[in-house]
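Trainee: Quick one: this structure, given as structure tokens, is what I'll be asking you about.
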Amino acid sequence: MLCTHDATKQRLLDTFSIPKDISIKSHSAETRGSETVHRLEWSDGHESEYSRSFLYQAMFDARRKAVQRQALVGIKLWDSSIASDPPKTLYVNAMNPNSNDLLSRLRRFGFCYVDETSFENPKATKKMLEKIAFIRETHYGGFYDFTADLASKDTAYTNIALEAHTDTTYFSDPAGLQAFHLLSHTDGEGGASLLVDGFKAADELWHTDRKAYEILSTVNVHGHASGNEGISIQPYRGFPVLEHDTATGDLLRVRWNTSDRASIELPIEEVETWYDAARKFDAILKKKENEYWEQLVPGRVLIFDNWRVLHGRSSFTGKRRICGAYINRDDWISKFKMRRFGKENVLKGLAVN
Ligand SMILES: [Fe+2]
């Protein structure tokens, strides 16, 4: 009990000072509220307390532990039919620290709209995003507010069509959430937004071509961002398109960006196997029934899980003003877990999950 800092929850004890042959000297149990607490005295004089619920969690299987650690709850795969009832909430709910409306939908569907957001003042969008967690800075800046003018050297800043992709595959830790808010579109048309559920596409590949799935899950792919002056960002290692939890096998992240892809980590004579598998995944991503198209409108912020949902857009004419930002994955999942399980429960699972 004295070996953990009460406020910071950090370990204070030098673990390696514990004798290797330590044993239990005595045990007692008492009831505190609704909890049974076991008290142990160790042979080196240390005393420990373990609640029954803690000991119970230690016996969970790997899958159940991952559910709490990563908040793998209620994930629902979707296809184009989600257009009839897409997940959405209101600005007022997204701003309410006691509401889990936005984050639970983001976890379940991988995206959510926030309606009734001011489109006259981009600061309202920024404020709402900061309620989730702090905004991530990149070489493009932090919170952005731009019109298509190629100010940053990336196709995202042009008016050409963009195929479904995930962003920032050139980082070791790609952005967790991404938000777009179309503030205005004048003197033109087009620019519908495309969303594809990467987890659903992966599931389809798993069921139709196990070998291709395995290749995309094991072969490392490199990426880069080199358009801006003085910049060539590459992840510290290659990562597969489909990344899984090593303990449970759950799919955790989809990385898919043809524009930013660099080399495939295979001997030249085997590299074709990756392209064959990738071609199959690409065909699934481009199936009409997997594509959800929606025209963004001022006042409606689109937020999506960049580790799961791919995004794209059709070409457009005229002038579009868009604001948005990235948020780190660990930060938004932490916020979601606090609201879903409560900090006390998350902490109980720390040592065992
Ligand atoms: Fe993008």
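Chain labels follow the order of the structure tokens: the first chain is A, the next B, and so on; residue numbering restarts at 1 in every chain, and ligands are counted from 1 in their shown order.
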Dump the neighbourhood of ligand 1 as a PyMOL selection string: all residues within 8 Å, distances computed on only C-alpha atoms and all ligand atoms.
Mentor: chain A and resi 156+162+165-168+311-312
Trainee: Please return as JSON, numbers by chain: the residues of range 93-337 of chain A that backbone DSSP assigns to alpha helix (DSSP H).
Mentor: {"A": [93, 94, 101, 102, 103, 104, 105, 106, 107, 108, 109, 122, 123, 124, 125, 126, 127, 128, 129, 130, 131, 132, 198, 199, 200, 201, 202, 203, 204, 205, 206, 207, 208, 210, 211, 212, 213, 214, 215, 216, 217, 218, 271, 272, 273, 274, 275, 276, 277, 278, 279, 280, 281, 282, 283, 284, 285, 329, 330, 331, 332, 333, 334, 335, 336, 337]}
Trainee: Given only C-alpha atoms as the basis, pick out the residue of A:Asn328, A:Ile268, A:His181, A:Asn96 nearest to Lys123 in chain A.
Mentor: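 Checking each candidate against Lys123 in chain A, we get A:His181 as the closest.
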Trainee: Given the choices A:Thr4, A:Thr138, A:Ser314, A:Ser28, which gets closest to Tyr326 in chain A if the distance is worked out from only C-alpha atoms?
Mentor: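 Going through A:Thr4, A:Thr138, A:Ser314, A:Ser28 one by one, the smallest distance to Tyr326 in chain A is for A:Thr138.
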